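Dumped final30.cif below, it's mmCIF, C-alpha atoms:
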```cif
data_my_file
#
loop_
_atom_site.label_atom_id
_atom_site.label_comp_id
_atom_site.auth_asym_id
_atom_site.auth_seq_id
_atom_site.Cartn_x
_atom_site.Cartn_y
_atom_site.Cartn_z
CA MET A 1 4.24 109.51 67.18
CA ASN A 2 5.52 105.96 67.32
CA PRO A 3 2.58 103.83 66.03
CA THR A 4 3.52 100.98 68.37
CA SER A 5 3.35 103.18 71.48
CA PRO A 6 0.20 102.80 73.66
CA GLN A 7 -2.24 105.73 73.27
CA PRO A 8 -3.50 107.57 76.36
CA ALA A 9 -7.18 106.98 77.11
CA ASN A 10 -7.85 110.71 77.21
CA PRO A 11 -5.21 112.66 75.27
CA GLY A 12 -6.63 116.00 76.29
CA ALA A 13 -6.29 115.21 80.00
CA ASN A 14 -2.51 114.90 79.80
CA PRO A 15 -1.16 117.17 77.07
CA THR A 16 2.43 117.11 78.38
CA PRO A 17 4.21 113.75 77.86
CA THR A 18 6.04 112.26 80.81
CA PRO A 19 9.82 112.78 80.42
CA ALA A 20 11.70 109.60 79.55
CA ALA A 21 14.70 110.32 81.76
CA PRO A 22 13.11 109.36 85.11
CA ALA A 23 11.87 106.05 83.66
CA THR A 24 15.32 105.36 82.26
CA ALA A 25 16.86 106.16 85.63
CA ARG A 26 14.44 103.78 87.37
CA ARG A 27 15.24 101.03 84.86
CA ILE A 28 19.00 101.54 85.30
CA GLY A 29 18.62 101.62 89.07
CA HIS A 30 16.69 98.34 89.00
CA LEU A 31 19.11 96.55 86.68
CA TYR A 32 22.39 97.92 87.99
CA PRO A 33 22.90 95.57 90.98
CA ARG A 34 22.22 92.52 88.79
CA VAL A 35 24.54 93.66 86.00
CA ALA A 36 27.28 94.68 88.44
CA GLN A 37 27.02 91.39 90.33
CA PHE A 38 27.30 89.35 87.13
CA LEU A 39 30.40 91.31 86.07
CA ALA A 40 31.88 90.90 89.55
CA ASP A 41 31.25 87.14 89.39
CA ASN A 42 33.04 87.02 86.01
CA PRO A 43 35.86 89.54 86.35
CA ASP A 44 38.51 87.91 84.17
CA ASN A 45 37.26 88.60 80.64
CA PRO A 46 35.32 91.35 78.82
CA LEU A 47 31.71 90.26 78.29
CA LYS A 48 29.32 91.07 75.44
CA VAL A 49 26.08 92.94 76.14
CA GLY A 50 23.92 90.10 74.85
CA GLN A 51 25.81 87.58 76.96
CA ILE A 52 25.13 89.64 80.10
CA THR A 53 21.48 90.23 79.14
CA ARG A 54 20.78 86.50 78.74
CA ALA A 55 22.66 85.54 81.88
CA ILE A 56 20.67 87.83 84.17
CA GLY A 57 17.36 87.38 82.34
CA ALA A 58 16.95 91.07 81.56
CA PRO A 59 14.08 91.98 79.20
CA SER A 60 16.11 94.43 77.11
CA SER A 61 19.71 94.45 75.94
CA GLY A 62 19.34 98.20 75.39
CA ALA A 63 18.67 98.75 79.08
CA VAL A 64 21.62 96.56 80.01
CA PHE A 65 23.79 98.50 77.58
CA GLY A 66 22.70 101.73 79.29
CA VAL A 67 23.77 100.35 82.68
CA LEU A 68 27.12 99.23 81.28
CA LYS A 69 27.81 102.60 79.67
CA ARG A 70 26.95 104.28 82.97
CA MET A 71 29.45 102.03 84.74
CA ALA A 72 32.15 102.73 82.16
CA SER A 73 31.61 106.51 82.37
CA VAL A 74 32.65 106.55 86.04
CA GLY A 75 35.41 103.95 85.84
CA TYR A 76 33.42 101.02 87.26
CA ALA A 77 33.95 99.05 84.04
CA THR A 78 36.12 99.12 80.93
CA HIS A 79 34.51 99.29 77.49
CA VAL A 80 36.06 97.66 74.43
CA ARG A 81 34.65 97.31 70.92
CA ASP A 82 36.07 94.45 68.81
CA PRO A 83 33.56 94.98 66.95
CA TYR A 84 31.16 93.82 69.70
CA HIS A 85 30.70 96.02 72.74
CA ARG A 86 32.36 94.25 75.65
CA PHE A 87 32.56 95.33 79.28
CA GLN A 88 34.77 94.21 82.17
CA ILE A 89 34.42 95.27 85.79
CA THR A 90 37.26 97.28 87.36
CA PRO A 91 38.53 97.20 90.97
CA ALA A 92 36.56 100.43 91.53
CA GLY A 93 33.40 98.70 90.30
CA ILE A 94 33.99 95.77 92.63
CA ALA A 95 34.65 98.16 95.54
CA ALA A 96 31.36 99.95 94.80
CA ALA A 97 29.58 96.69 95.69
CA GLY A 98 26.60 97.26 93.42
CA THR A 99 26.00 100.88 94.45
CA LEU A 100 24.58 102.88 91.56
CA PRO A 101 27.11 105.50 90.41
CA PRO A 102 25.87 109.10 90.28
CA PRO A 103 25.19 110.58 86.85
CA ALA A 104 28.07 112.54 85.34
CA PRO A 105 27.81 116.31 85.89
CA ARG A 106 26.25 118.17 82.97
CA GLY A 107 29.00 119.04 80.49
CA ALA A 108 31.58 116.85 82.23
CA SER A 109 32.19 114.82 79.11
CA GLY A 110 33.04 117.94 77.14
CA GLY A 111 36.57 118.22 78.53
CA GLY A 112 35.85 120.59 81.42
CA ARG A 113 37.30 120.42 84.88
CA ALA A 114 34.72 117.93 86.15
CA GLY A 115 35.48 115.56 83.29
CA ARG A 116 39.22 115.71 83.91
CA SER A 117 38.92 115.13 87.64
CA GLY A 118 36.62 112.16 87.02
CA ARG A 119 39.19 110.51 84.83
CA ARG A 120 42.08 111.11 87.19
CA LYS A 121 40.83 109.44 90.35
CA PRO A 122 43.74 107.64 92.03
CA VAL A 123 44.03 103.87 91.86
CA THR A 124 45.52 101.89 94.72
CA ARG A 125 48.51 99.72 93.81
CA PRO A 126 49.21 96.36 95.49
CA ASN A 127 51.71 98.03 97.85
CA GLY A 128 49.02 100.44 99.05
CA GLU A 129 50.40 103.49 97.26
CA LEU A 130 48.16 105.58 95.04
CA TYR A 131 48.64 105.89 91.29
CA TRP A 132 47.18 108.87 89.46
CA PRO A 133 46.11 107.89 85.91
CA ARG A 134 47.41 109.99 83.04
CA LYS A 135 45.85 110.93 79.72
CA LEU A 136 46.45 108.56 76.83
CA ALA A 137 44.68 107.97 73.50
CA GLY A 138 41.48 109.72 74.49
CA GLY A 139 41.25 108.04 77.89
CA THR A 140 43.59 107.19 80.72
CA ASP A 141 46.69 105.03 80.64
CA ILE A 142 45.21 102.26 82.76
CA GLU A 143 42.02 102.18 80.67
CA VAL A 144 44.11 101.90 77.50
CA LEU A 145 46.23 99.09 78.96
CA ARG A 146 43.09 97.15 79.87
CA ARG A 147 41.67 97.61 76.38
CA LEU A 148 44.94 96.47 74.84
CA ARG A 149 44.88 93.38 77.04
CA ALA A 150 41.35 92.56 75.91
CA ALA A 151 42.47 92.96 72.28
CA GLN A 152 45.64 90.88 72.86
CA MET A 153 47.99 93.65 71.71
CA PRO A 154 51.27 93.47 73.70
CA VAL A 155 52.66 96.85 74.73
CA LEU A 156 56.23 98.07 75.21
CA LEU A 157 56.59 100.92 77.71
CA TYR A 158 59.77 102.93 77.30
CA GLY A 159 61.29 105.91 79.06
CA PRO A 160 63.86 106.81 81.73
CA PRO A 161 63.91 104.82 84.98
CA GLY A 162 61.64 106.24 87.66
CA THR A 163 58.91 107.65 85.40
CA GLY A 164 56.21 105.27 86.64
CA LYS A 165 56.12 102.46 84.08
CA THR A 166 55.85 99.70 86.67
CA ALA A 167 53.41 101.69 88.80
CA MET A 168 51.14 102.19 85.79
CA VAL A 169 50.98 98.46 85.02
CA GLU A 170 50.41 97.55 88.68
CA ALA A 171 47.54 100.04 88.82
CA ALA A 172 45.99 98.64 85.64
CA PHE A 173 46.17 94.95 86.60
CA ASP A 174 45.66 93.69 90.12
CA ASP A 175 46.43 90.12 88.99
CA LEU A 176 49.87 91.04 87.63
CA LEU A 177 52.92 88.76 87.69
CA THR A 178 56.40 90.24 87.17
CA VAL A 179 59.83 89.15 85.99
CA ALA A 180 62.54 91.66 86.94
CA GLY A 181 65.02 91.69 84.10
CA THR A 182 68.80 91.85 84.54
CA GLY A 183 71.81 90.70 82.59
CA ASP A 184 71.77 87.57 84.77
CA THR A 185 68.16 86.58 84.04
CA VAL A 186 67.95 83.00 82.74
CA VAL A 187 65.27 80.91 81.05
CA GLU A 188 64.42 79.22 84.36
CA ASP A 189 63.37 82.62 85.75
CA PHE A 190 60.49 82.49 83.26
CA LEU A 191 59.67 78.79 83.06
CA GLY A 192 60.52 77.44 86.49
CA ASN A 193 63.10 75.13 87.99
CA TYR A 194 63.65 72.21 90.33
CA VAL A 195 63.88 73.07 94.02
CA PRO A 196 65.14 70.78 96.80
CA LEU A 197 62.70 69.20 99.24
CA PRO A 198 63.31 68.50 102.94
CA ASP A 199 63.39 64.75 102.28
CA GLY A 200 66.26 65.13 99.80
CA GLY A 201 64.20 64.97 96.62
CA TYR A 202 63.37 67.68 94.12
CA GLU A 203 60.16 69.28 92.89
CA PHE A 204 59.61 71.34 89.76
CA VAL A 205 58.11 74.77 90.56
CA TYR A 206 56.51 76.58 87.64
CA GLY A 207 57.80 80.05 86.81
CA PRO A 208 55.78 83.26 86.32
CA LEU A 209 55.41 82.82 82.54
CA VAL A 210 53.81 79.40 83.00
CA GLN A 211 51.60 80.69 85.82
CA ALA A 212 50.46 83.68 83.76
CA MET A 213 49.65 81.52 80.73
CA ARG A 214 47.68 78.96 82.69
CA ASP A 215 45.84 81.40 84.95
CA GLY A 216 45.13 83.99 82.24
CA ARG A 217 47.12 86.71 84.00
CA PRO A 218 49.22 89.61 82.69
CA LEU A 219 53.01 89.31 82.85
CA LEU A 220 55.24 92.36 83.15
CA VAL A 221 58.82 91.85 81.97
CA ASP A 222 60.48 94.78 83.71
CA ASP A 223 63.75 96.04 82.24
CA ALA A 224 63.22 93.55 79.44
CA THR A 225 66.05 94.95 77.32
CA LEU A 226 68.62 94.05 79.98
CA ILE A 227 67.79 90.35 79.51
CA PRO A 228 69.99 88.44 77.03
CA PRO A 229 68.06 88.08 73.73
CA ARG A 230 68.43 84.27 73.69
CA VAL A 231 66.72 84.14 77.10
CA LEU A 232 64.00 86.59 76.17
CA SER A 233 63.13 84.50 73.11
CA VAL A 234 61.35 82.06 75.45
CA LEU A 235 58.46 84.56 75.39
CA TYR A 236 57.96 84.64 71.66
CA PRO A 237 55.96 81.41 71.08
CA ALA A 238 53.70 82.41 73.98
CA MET A 239 53.04 85.79 72.37
CA ASP A 240 52.47 84.81 68.75
CA GLY A 241 49.54 82.97 67.18
CA ARG A 242 50.55 79.67 68.74
CA ARG A 243 50.33 80.88 72.37
CA VAL A 244 51.99 77.61 73.36
CA ILE A 245 55.34 76.74 74.98
CA HIS A 246 56.99 73.44 75.94
CA LEU A 247 58.87 72.83 79.17
CA THR A 248 61.77 70.84 77.80
CA ALA A 249 63.33 70.63 81.27
CA TYR A 250 60.17 69.11 82.73
CA ARG A 251 58.81 66.17 80.70
CA ASN A 252 58.45 68.43 77.66
CA GLU A 253 55.14 69.52 79.15
CA ARG A 254 52.91 71.57 76.86
CA VAL A 255 51.57 74.87 78.23
CA GLU A 256 48.78 76.74 76.45
CA ALA A 257 47.82 80.34 77.16
CA THR A 258 44.26 80.88 78.42
CA ASP A 259 42.16 83.98 77.90
CA GLY A 260 43.50 86.94 79.84
CA PHE A 261 47.18 86.10 79.37
CA TYR A 262 48.99 89.24 78.31
CA VAL A 263 52.59 90.46 78.09
CA ILE A 264 53.86 93.96 78.85
CA ALA A 265 57.54 94.91 78.72
CA GLY A 266 59.49 97.84 80.11
CA HIS A 267 62.50 99.40 78.37
CA ASN A 268 64.82 102.09 79.71
CA PRO A 269 66.63 103.62 76.71
CA GLY A 270 70.12 104.84 77.44
CA VAL A 271 70.63 102.55 80.44
CA HIS A 272 73.93 100.70 80.18
CA GLY A 273 73.35 97.22 78.76
CA ALA A 274 69.79 97.87 77.54
CA VAL A 275 69.44 96.59 73.97
CA LEU A 276 66.12 96.77 72.12
CA THR A 277 66.49 94.16 69.38
CA GLU A 278 64.32 94.11 66.27
CA ALA A 279 63.02 90.68 67.30
CA LEU A 280 61.80 92.08 70.60
CA ALA A 281 60.43 95.37 69.24
CA SER A 282 58.46 93.59 66.52
CA ARG A 283 56.65 91.39 69.08
CA PHE A 284 55.04 94.47 70.64
CA GLY A 285 52.46 96.12 68.44
CA VAL A 286 52.11 99.17 70.68
CA HIS A 287 55.02 101.30 71.92
CA ILE A 288 54.18 103.93 74.56
CA GLU A 289 56.66 106.52 75.81
CA VAL A 290 56.41 107.18 79.55
CA THR A 291 57.83 110.46 80.85
CA THR A 292 57.57 112.20 84.21
CA ASP A 293 54.31 114.01 84.95
CA TRP A 294 55.53 117.35 86.30
CA ASP A 295 52.02 118.54 87.17
CA LEU A 296 51.52 115.42 89.25
CA ALA A 297 54.82 116.05 91.05
CA ARG A 298 53.60 119.53 92.02
CA ARG A 299 50.21 118.15 93.07
CA LEU A 300 52.01 115.70 95.35
CA LYS A 301 53.66 118.63 97.16
CA VAL A 302 57.10 118.50 95.56
CA ASP A 303 58.75 121.92 95.91
CA ASN A 304 58.31 123.90 92.69
CA ARG A 305 62.03 124.73 92.61
CA ALA A 306 62.96 121.05 92.63
CA VAL A 307 60.50 120.40 89.79
CA ALA A 308 61.95 123.31 87.78
CA ALA A 309 65.50 122.02 88.28
CA ALA A 310 64.39 118.52 87.21
CA ILE A 311 62.78 119.91 84.05
CA ASP A 312 65.99 121.76 83.14
CA LEU A 313 68.05 118.63 83.71
CA ASN A 314 65.67 116.53 81.61
CA ASN A 315 66.09 119.05 78.78
CA GLU A 316 69.83 118.54 79.10
CA LEU A 317 69.29 114.78 79.12
CA ALA A 318 67.34 115.05 75.87
CA ALA A 319 70.15 117.18 74.39
CA GLY A 320 72.73 114.60 75.43
CA THR A 321 74.74 116.88 77.72
CA VAL A 322 73.97 114.74 80.80
CA THR A 323 73.17 111.06 81.22
CA TRP A 324 70.94 111.34 84.32
CA ALA A 325 68.12 113.59 85.44
CA PRO A 326 65.63 113.30 88.32
CA GLN A 327 62.33 111.66 87.45
CA LEU A 328 59.12 111.25 89.44
CA ARG A 329 60.63 108.57 91.66
CA GLU A 330 63.45 110.87 92.77
CA LEU A 331 61.10 113.84 93.21
CA LEU A 332 58.74 111.85 95.44
CA GLY A 333 61.75 110.75 97.49
CA PHE A 334 62.74 114.43 97.68
CA ALA A 335 59.28 115.36 99.03
CA ARG A 336 59.36 112.60 101.67
CA LEU A 337 62.81 113.61 102.88
CA HIS A 338 61.79 117.28 102.92
CA LYS A 339 58.86 116.36 105.18
CA THR A 340 60.91 114.00 107.36
CA LEU A 341 64.07 116.08 107.86
CA SER A 342 64.39 119.44 106.10
CA LEU A 343 64.35 121.14 102.70
CA ALA A 344 68.13 121.68 102.76
CA THR A 345 68.69 117.97 103.45
CA ALA A 346 66.36 116.96 100.62
CA VAL A 347 68.21 119.26 98.18
CA SER A 348 71.61 117.91 99.23
CA ASN A 349 70.37 114.33 98.95
CA LEU A 350 69.06 114.95 95.42
CA ALA A 351 72.49 116.25 94.45
CA GLY A 352 74.12 113.17 95.97
CA ARG A 353 71.87 110.82 94.02
CA ALA A 354 73.35 111.99 90.72
CA PRO A 355 76.13 109.87 89.15
CA ASP A 356 79.62 111.27 89.69
CA HIS A 357 80.00 112.39 86.07
CA ASP A 358 76.70 114.33 86.14
CA ARG A 359 76.84 115.68 89.69
CA ASP A 360 78.28 119.08 88.79
CA ALA A 361 75.45 119.71 86.32
CA VAL A 362 72.84 118.62 88.87
CA ILE A 363 74.35 120.83 91.58
CA LYS A 364 74.41 123.77 89.17
CA ALA A 365 70.72 123.34 88.34
CA LEU A 366 69.74 123.02 92.01
CA THR A 367 71.86 126.02 92.97
CA THR A 368 70.25 128.10 90.22
CA HIS A 369 66.69 127.35 91.30
CA PHE A 370 67.14 127.31 95.08
CA GLY A 371 69.48 130.31 95.15
CA THR A 372 71.85 128.75 97.68
CA THR A 373 75.09 126.83 97.48
CA VAL A 374 74.32 123.11 97.15
CA THR A 375 76.58 120.21 98.06
CA ALA A 376 75.92 116.48 98.13
CA LEU A 377 74.64 115.09 101.41
CA SER A 378 77.60 113.90 103.53
CA LEU A 379 78.67 113.42 107.12
CA GLY A 380 80.24 116.32 108.96
CA PRO A 381 82.64 116.44 111.91
CA GLN A 382 81.71 115.20 115.36
CA HIS A 383 79.92 117.63 117.62
#
```
For the structure just supplied, provide its representation as structure tokens.
Amino acid sequence: MNPTSPQPANPGANPTPTPAAPATARRIGHLYPRVAQFLADNPDNPLKVGQITRAIGAPSSGAVFGVLKRMASVGYATHVRDPYHRFQITPAGIAAAGTLPPPAPRGASGGGRAGRSGRRKPVTRPNGELYWPRKLAGGTDIEVLRRLRAAQMPVLLYGPPGTGKTAMVEAAFDDLLTVAGTGDTVVEDFLGNYVPLPDGGYEFVYGPLVQAMRDGRPLLVDDATLIPPRVLSVLYPAMDGRRVIHLTAYRNERVEATDGFYVIAGHNPGVHGAVLTEALASRFGVHIEVTTDWDLARRLKVDNRAVAAAIDLNNELAAGTVTWAPQLRELLGFARLHKTLSLATAVSNLAGRAPDHDRDAVIKALTTHFGTTVTALSLGPQH
């Protein structure tokens, strides 16, 4: 028996000790609204357990830690160790508005069905569409991205266009800023430029890189490898140990990155003009391949035959016999057109989306799996 524990007045009158679980549950239930409110009031940075305990005047950091772990287990908070335990509220935690999450089902953490479904709850993107998290590094992709942001480890996402790279980042960070990369992207697209005013003068408007650094927000450089390397180099001093840039076009103003600033880049290998330089690759300590989630496509009601044809074509893409294959973006478009018009129209449209030099291979795959002659969607004669 713990010598510091109070002794019952009459040990024989109560031979069975009171279980600790209900008391723990009461303590968590009492503390949870205060912990959740403090995290919601400070959503921008991961917070240490002791910092939270002192701020809310809780008597025990252990009890606060229990609340935080409960929040993290249901996706209401992210948990990072660096080596301190730090927690940051998620959009789901904010939406819960201080409501105590239910305990995880017994055995859910052991990899059973309940555990998987708990990790794969959809997240709403800024455009209102749902994103279904995918498994990555023992957690989900959006959890991992948030942990990497807290640790200041820039990530490069690579894979074919349409596999969900942008959707993943938008789901992970609701304060995201984006630069869409092309061969015509210039330095001003990152830093800002002068714009004309109605009175005939000019005003300097800061670009997304400056905004992200000052506001402590993540910046996605989409299709980064399409941007000329000399332009992309404007990012490097913001990403290295200096975390400082100078606006030479605007009074040589100094811009320092605040906590929360983070850079993610997207790369589409094989796309014409995409060049992953050593200078760019070395700036990103984590490289994550993003491929299409075929199970998700089926769950979202894409016809199994279309999924099977897409898998075959992606195998050909990997073998180098074609240069294009349908990804999740095309399959979701297929499902919408199937629902809006007809299955035959959706199949023909998918064939028509293929580049001219790959269309025969795409038509062959669709014909094989649908068992009918397939042609690209086109206008017919007048009725």
Tell me which of A:Leu47, A:Leu148, A:Ala354, A:Val210 sits closest to Arg243 (chain A), counting all atoms listed in the file.
A:Val210
The PyMOL selection byres ((chain A and resi 302-314) around 7) applied to the shown file, residues as a count of residues only
18
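Across the model, the gap from CA of Ser233 (chain A) to CA of His246 (chain A) is 13.0 Å.
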Taking into account all atoms listed in the file, which residue in the set A:Val123, A:Ala167, A:Leu296, A:Val244 is nearest to Gly266 (chain A)?
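Closest residue, counting all atoms listed in the file: A:Ala167.
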Between CA of Gln51 (chain A) and CA of Leu68 (chain A), what is the distance in Å, rounded to a tenth?
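Atom-to-atom, CA of Gln51 (chain A) to CA of Leu68 (chain A), that is 12.5 Å.
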Evaluated on this file, the PyMOL selection byres ((chain A and resi 224) around 10) picks out some residues - which ones are they, written as a list in words?
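When the PyMOL selection byres ((chain A and resi 224) around 10) is applied, the selected residues are Leu156, Val179, Ala180, Gly181, Thr182, Gly183, Thr185, Leu220, Val221, Asp222, Asp223, Thr225, Leu226, Ile227, Pro228, Pro229, Leu232, Ile264, Ala265, Gly266, His267, Asn268, Ala274, Val275, Leu276 and Leu280 of chain A.
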Using only C-alpha atoms, collect all residues at a distance of at most 12 Å from (21.3, 98.1, 74.1) as written in the file, then present them as a list in words.
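Within the cut-off we find Ile28, Lys48, Val49, Gly50, Gln51, Ile52, Thr53, Ala58, Pro59, Ser60, Ser61, Gly62, Ala63, Val64, Phe65, Gly66, Val67, Leu68, Lys69, Tyr84, His85 and Arg86 of chain A.
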Name the closest residue to Asp174 (chain A) among the candidates A:Leu39, A:Ile142, A:Leu377, A:Ile245; distances are taken between atoms, counting all atoms listed in the file.
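Of all the options, A:Ile142 lies closest to Asp174 (chain A).
Straight-line separation from CA of Arg214 (chain A) to CA of Thr166 (chain A): 22.6 Å.
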Of the residues A:Pro154, A:Gly93, A:Pro46, A:Pro208, which is the one nearest to Leu177 (chain A), using only C-alpha atoms?
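So, comparing all the options, the nearest one is A:Pro208.
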Counting all atoms listed in the file, find the residues whose atoms lie at most 10 Å from (55.3, 92.6, 68.1) (file coordinates) and write them out as a list in words.
Met153, Pro154, Val155, Leu156, Tyr236, Met239, Asp240, Glu278, Ala279, Leu280, Ala281, Ser282, Arg283, Phe284, Gly285, Val286 and His287 of chain A
Near Val374 (chain A), counting all atoms listed in the file, which residues have an atom at most 7 Å away, once you skip same-chain residues fewer than 2 positions from it, shown as a PyMOL selection string?
chain A and resi 348+363+366-367+372+376
Create the file for the chosen residues now, containing C-alpha atoms and written as a compact mmCIF listing (two decimals), keeping the file's coordinate frame.
```
# COMPACT_ATOMS: atom_id res chain seq x y z
CA SER A 348 71.61 117.91 99.23
CA ILE A 363 74.35 120.83 91.58
CA LEU A 366 69.74 123.02 92.01
CA THR A 367 71.86 126.02 92.97
CA THR A 372 71.85 128.75 97.68
CA ALA A 376 75.92 116.48 98.13
```
Residues near region 130-141 of chain A, anyone? I mean within 7 Å using all atoms listed in the file, not counting same-chain ones fewer than 2 positions away, as a CSV table (one decimal) with C-alpha atoms, in the frame of the given file.
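That gives us result21.csv:
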```csv
chain,number,residue,atom,x,y,z
A,119,ARG,CA,39.2,110.5,84.8
A,120,ARG,CA,42.1,111.1,87.2
A,121,LYS,CA,40.8,109.4,90.4
A,122,PRO,CA,43.7,107.6,92.0
A,123,VAL,CA,44.0,103.9,91.9
A,124,THR,CA,45.5,101.9,94.7
A,125,ARG,CA,48.5,99.7,93.8
A,128,GLY,CA,49.0,100.4,99.0
A,143,GLU,CA,42.0,102.2,80.7
A,144,VAL,CA,44.1,101.9,77.5
A,145,LEU,CA,46.2,99.1,79.0
A,167,ALA,CA,53.4,101.7,88.8
A,171,ALA,CA,47.5,100.0,88.8
```
Any chance you could work out the axis-aligned box around region 264-274 of chain A, listed atoms only, 8 Å on each side, giving centre and edge lengths in Å to one decimal, as JSON?
```
{"center_x": 63.9, "center_y": 99.4, "center_z": 78.6, "size_x": 36.1, "size_y": 26.9, "size_z": 19.7}
```
